[in-house]
>>> print(open('input-v8.cif').read())   # mmCIF, C-alpha atoms
data_work
#
loop_
_atom_site.group_PDB
_atom_site.id
_atom_site.type_symbol
_atom_site.label_atom_id
_atom_site.label_comp_id
_atom_site.auth_asym_id
_atom_site.auth_seq_id
_atom_site.Cartn_x
_atom_site.Cartn_y
_atom_site.Cartn_z
ATOM 1 C CA MET T 1283 120.675 110.467 104.853
ATOM 2 C CA PHE T 1284 121.657 110.006 101.193
ATOM 3 C CA GLU T 1285 124.147 112.107 99.283
ATOM 4 C CA LYS T 1286 122.802 114.814 97.004
ATOM 5 C CA LYS T 1287 123.004 114.535 93.241
ATOM 6 C CA THR T 1288 125.762 117.175 93.147
ATOM 7 C CA GLU T 1289 127.945 115.142 95.514
ATOM 8 C CA GLU T 1290 130.318 112.347 94.578
ATOM 9 C CA LEU T 1291 129.311 108.704 94.789
ATOM 10 C CA ILE T 1292 130.185 107.266 98.198
ATOM 11 C CA SER T 1293 132.823 104.547 98.459
ATOM 12 C CA ARG T 1294 131.948 100.866 98.271
ATOM 13 C CA SER T 1295 132.649 100.375 101.995
ATOM 14 C CA GLN T 1296 130.387 103.318 102.908
ATOM 15 C CA PHE T 1297 127.687 101.898 100.651
ATOM 16 C CA LEU T 1298 127.968 98.445 102.252
ATOM 17 C CA SER T 1299 127.745 100.042 105.687
ATOM 18 C CA ARG T 1300 124.610 101.925 104.603
ATOM 19 C CA GLN T 1301 123.118 98.746 103.115
ATOM 20 C CA LEU T 1302 123.780 96.855 106.336
ATOM 21 C CA ARG T 1303 122.103 99.613 108.364
ATOM 22 C CA PHE T 1304 119.024 99.619 106.112
ATOM 23 C CA SER T 1305 118.933 95.810 106.186
ATOM 24 C CA LEU T 1306 118.818 95.977 109.982
ATOM 25 C CA TYR T 1307 115.955 98.503 109.785
ATOM 26 C CA ALA T 1308 114.101 96.124 107.476
ATOM 27 C CA LEU T 1309 114.700 93.193 109.842
ATOM 28 C CA ILE T 1310 113.400 95.217 112.789
ATOM 29 C CA LEU T 1311 110.238 96.062 110.842
ATOM 30 C CA LEU T 1312 109.879 92.409 109.833
ATOM 31 C CA PHE T 1313 110.225 91.127 113.405
ATOM 32 C CA LEU T 1314 107.832 93.791 114.737
ATOM 33 C CA SER T 1315 105.267 92.836 112.111
ATOM 34 C CA LEU T 1316 105.669 89.147 112.912
ATOM 35 C CA ALA T 1317 105.338 89.883 116.632
ATOM 36 C CA ILE T 1318 102.062 91.739 116.046
ATOM 37 C CA GLY T 1319 100.736 88.773 114.105
ATOM 38 C CA ILE T 1320 101.917 86.170 116.587
ATOM 39 C CA VAL T 1321 100.431 87.975 119.575
ATOM 40 C CA GLY T 1322 97.196 88.625 117.701
ATOM 41 C CA TYR T 1323 96.759 85.031 116.570
ATOM 42 C CA MET T 1324 97.581 83.720 120.039
ATOM 43 C CA THR T 1325 95.123 86.168 121.630
ATOM 44 C CA PHE T 1326 92.188 86.185 119.224
ATOM 45 C CA ALA T 1327 92.408 82.747 117.559
ATOM 46 C CA ARG T 1328 93.808 80.938 120.617
ATOM 47 C CA LEU T 1329 96.576 79.363 118.530
ATOM 48 C CA ASN T 1330 99.763 78.003 120.086
ATOM 49 C CA LEU T 1331 103.073 79.765 119.407
ATOM 50 C CA VAL T 1332 104.111 77.629 116.423
ATOM 51 C CA ASP T 1333 100.728 77.884 114.684
ATOM 52 C CA ALA T 1334 100.543 81.624 115.383
ATOM 53 C CA PHE T 1335 104.044 82.091 113.926
ATOM 54 C CA LEU T 1336 103.084 80.022 110.873
ATOM 55 C CA ASN T 1337 99.907 82.017 110.240
ATOM 56 C CA ALA T 1338 101.633 85.371 110.801
ATOM 57 C CA SER T 1339 104.474 84.406 108.459
ATOM 58 C CA MET T 1340 102.145 83.168 105.754
ATOM 59 C CA ILE T 1341 99.940 86.263 105.891
ATOM 60 C CA LEU T 1342 102.907 88.641 106.027
ATOM 61 C CA THR T 1343 104.411 87.162 102.863
ATOM 62 C CA GLY T 1344 101.094 87.076 101.032
ATOM 63 C CA MET T 1345 100.638 83.303 101.022
ATOM 64 C CA GLY T 1346 97.388 83.248 102.990
ATOM 65 C CA PRO T 1347 96.231 81.777 106.292
ATOM 66 C CA VAL T 1348 96.781 78.185 107.350
ATOM 67 C CA ASN T 1349 94.284 77.747 110.185
ATOM 68 C CA GLU T 1350 90.595 78.505 109.921
ATOM 69 C CA MET T 1351 89.463 81.378 112.138
ATOM 70 C CA SER T 1352 86.452 80.236 114.160
ATOM 71 C CA THR T 1353 85.540 83.319 116.244
ATOM 72 C CA ASN T 1354 84.492 86.742 115.045
ATOM 73 C CA GLY T 1355 87.380 88.336 116.950
ATOM 74 C CA ALA T 1356 89.870 86.088 115.177
ATOM 75 C CA LYS T 1357 88.303 86.890 111.821
ATOM 76 C CA TRP T 1358 88.458 90.638 112.485
ATOM 77 C CA PHE T 1359 92.082 90.403 113.581
ATOM 78 C CA ALA T 1360 93.043 88.239 110.599
ATOM 79 C CA SER T 1361 91.370 90.687 108.214
ATOM 80 C CA PHE T 1362 93.107 93.761 109.604
ATOM 81 C CA TYR T 1363 96.422 91.939 109.933
ATOM 82 C CA ALA T 1364 96.206 90.902 106.276
ATOM 83 C CA ILE T 1365 95.616 94.518 105.206
ATOM 84 C CA TYR T 1366 98.474 95.713 107.418
ATOM 85 C CA SER T 1367 100.746 92.935 106.128
ATOM 86 C CA GLY T 1368 100.289 93.942 102.503
ATOM 87 C CA VAL T 1369 101.505 97.449 103.249
ATOM 88 C CA ALA T 1370 104.178 96.307 105.711
ATOM 89 C CA PHE T 1371 105.742 93.780 103.327
ATOM 90 C CA LEU T 1372 106.046 96.335 100.527
ATOM 91 C CA SER T 1373 107.447 98.903 102.972
ATOM 92 C CA ILE T 1374 110.022 96.438 104.294
ATOM 93 C CA ILE T 1375 111.165 95.636 100.747
ATOM 94 C CA GLY T 1376 111.326 99.390 100.020
ATOM 95 C CA VAL T 1377 113.522 100.030 103.052
ATOM 96 C CA PHE T 1378 115.809 97.157 102.067
ATOM 97 C CA ILE T 1379 116.310 98.201 98.417
ATOM 98 C CA ALA T 1380 116.362 102.000 98.921
ATOM 99 C CA PRO T 1381 120.189 102.241 99.133
ATOM 100 C CA ILE T 1382 120.618 100.034 96.058
ATOM 101 C CA VAL T 1383 118.172 102.043 93.959
ATOM 102 C CA HIS T 1384 119.661 105.324 95.166
ATOM 103 C CA ARG T 1385 123.197 104.245 94.314
ATOM 104 C CA PHE T 1386 122.128 103.082 90.860
ATOM 105 C CA LEU T 1387 120.261 106.307 90.084
ATOM 106 C CA HIS T 1388 123.072 108.419 91.518
ATOM 107 C CA LYS T 1389 125.636 106.582 89.387
ATOM 108 C CA VAL T 1390 123.504 106.972 86.247
ATOM 109 C CA HIS T 1391 123.103 110.679 86.967
ATOM 110 C CA LEU T 1392 126.854 111.147 87.423
ATOM 111 C CA GLU T 1393 127.552 109.306 84.150
ATOM 112 C CA ASP T 1394 125.126 111.606 82.311
ATOM 113 C CA GLU T 1395 127.070 114.707 83.305
#
>>> encode(input="input-v8.cif", output="structure tokens")
Amino acid sequence: MFEKKTEELISRSQFLSRQLRFSLYALILLFLSLAIGIVGYMTFARLNLVDAFLNASMILTGMGPVNEMSTNGAKWFASFYAIYSGVAFLSIIGVFIAPIVHRFLHKVHLEDE
């Protein structure tokens, strides 16, 4: 997927193409994670679409819930979704910045030789 350290640095246009592809992967993961939260909040907390989207967005970005969860099912879902969201958000950021970090490290390695 990435070039090896013995290979030349890819061109700027190839890098931008790679970054776009990884950005799309990150967006897909983001939308899937939001969809899980929206469906869960609508199902377990009986929230409408806008409130479910708001809660899912706030939890996914680490801001915290907006609505109070009144049933045990909603509380269980919110707890597990919060744990999932912490890992998912960091993973999404990792997917997004992976090409940038790789290019930087590859360039530094080539300059050292």
>>> closest_residue(input="input-v8.cif", among="T:Ile1341, T:Lys1389, T:Val1383, T:Phe1378", to="T:Ser1305", atoms="only C-alpha atoms")
T:Phe1378
>>> atom_distance(input="input-v8.cif", atom1="atom CA of T:Ser1295", atom2="atom CA of T:Phe1371")
27.7 Å
>>> residues_around(input="input-v8.cif", residues="T:Ala1317", least_positions_apart="2", cutoff="12 Å", atoms="all atoms listed in the file", output="list in words")
Ile1310, Leu1311, Leu1312, Phe1313, Leu1314, Ser1315, Gly1319, Ile1320, Val1321, Gly1322, Tyr1323, Met1324, Thr1325, Leu1331, Ala1334, Phe1335, Leu1336, Asn1337, Ala1338, Ser1339, Leu1342, Tyr1363 and Ser1367 of chain T
>>> closest_residue(input="input-v8.cif", among="T:Gly1368, T:His1384, T:Ala1327, T:Val1390", to="T:Met1283", atoms="all atoms listed in the file")
T:His1384
>>> atom_distance(input="input-v8.cif", atom1="atom CA of T:Pro1381", atom2="atom CA of T:Thr1288")
17.0 Å
>>> residues_around(input="input-v8.cif", residues="T:Gln1301", least_positions_apart="5", cutoff="10 Å", atoms="all atoms listed in the file", output="list in words")
Ser1295, Gln1296, Leu1306, Tyr1307, Val1377, Phe1378, Ile1379, Ala1380, Pro1381 and Ile1382 of chain T
>>> write_last_selection(input="input-v8.cif", atoms="C-alpha atoms", output="PDB file, keeping the file's coordinate frame")
ATOM      1  CA  SER T1295     132.649 100.375 101.995  1.00  0.00           C
ATOM      2  CA  GLN T1296     130.387 103.318 102.908  1.00  0.00           C
ATOM      3  CA  LEU T1306     118.818  95.977 109.982  1.00  0.00           C
ATOM      4  CA  TYR T1307     115.955  98.503 109.785  1.00  0.00           C
ATOM      5  CA  VAL T1377     113.522 100.030 103.052  1.00  0.00           C
ATOM      6  CA  PHE T1378     115.809  97.157 102.067  1.00  0.00           C
ATOM      7  CA  ILE T1379     116.310  98.201  98.417  1.00  0.00           C
ATOM      8  CA  ALA T1380     116.362 102.000  98.921  1.00  0.00           C
ATOM      9  CA  PRO T1381     120.189 102.241  99.133  1.00  0.00           C
ATOM     10  CA  ILE T1382     120.618 100.034  96.058  1.00  0.00           C
TER      11      ILE T1382
END
>>> atom_distance(input="input-v8.cif", atom1="atom CA of T:Ala1356", atom2="atom CA of T:Arg1328")
8.5 Å
>>> resolve_selection(input="input-v8.cif", expression="the PyMOL selection byres ((chain T and resi 1286) around 12)", output="PyMOL selection string")
chain T and resi 1283-1285+1287-1292+1384-1385+1387-1389+1391-1392
>>> axis_aligned_box(input="input-v8.cif", around="stretch 1372-1378 of chain T", padding_each_side="8 Å", output="JSON")
{"center_x": 110.9, "center_y": 97.8, "center_z": 102.2, "size_x": 25.8, "size_y": 20.4, "size_z": 20.3}
>>> closest_residue(input="input-v8.cif", among="T:Val1332, T:Gly1376, T:Met1345, T:Phe1326", to="T:Trp1358", atoms="only C-alpha atoms")
T:Phe1326
>>> closest_residue(input="input-v8.cif", among="T:Val1369, T:Ala1364, T:Leu1302, T:Leu1329", to="T:Ser1352", atoms="all atoms listed in the file")
T:Leu1329
>>> closest_residue(input="input-v8.cif", among="T:Asp1333, T:Ser1299, T:Ala1308, T:Lys1357", to="T:Leu1372", atoms="only C-alpha atoms")
T:Ala1308
>>> closest_residue(input="input-v8.cif", among="T:Val1348, T:Asn1330, T:Phe1386, T:Ile1318", to="T:Tyr1366", atoms="all atoms listed in the file")
T:Ile1318
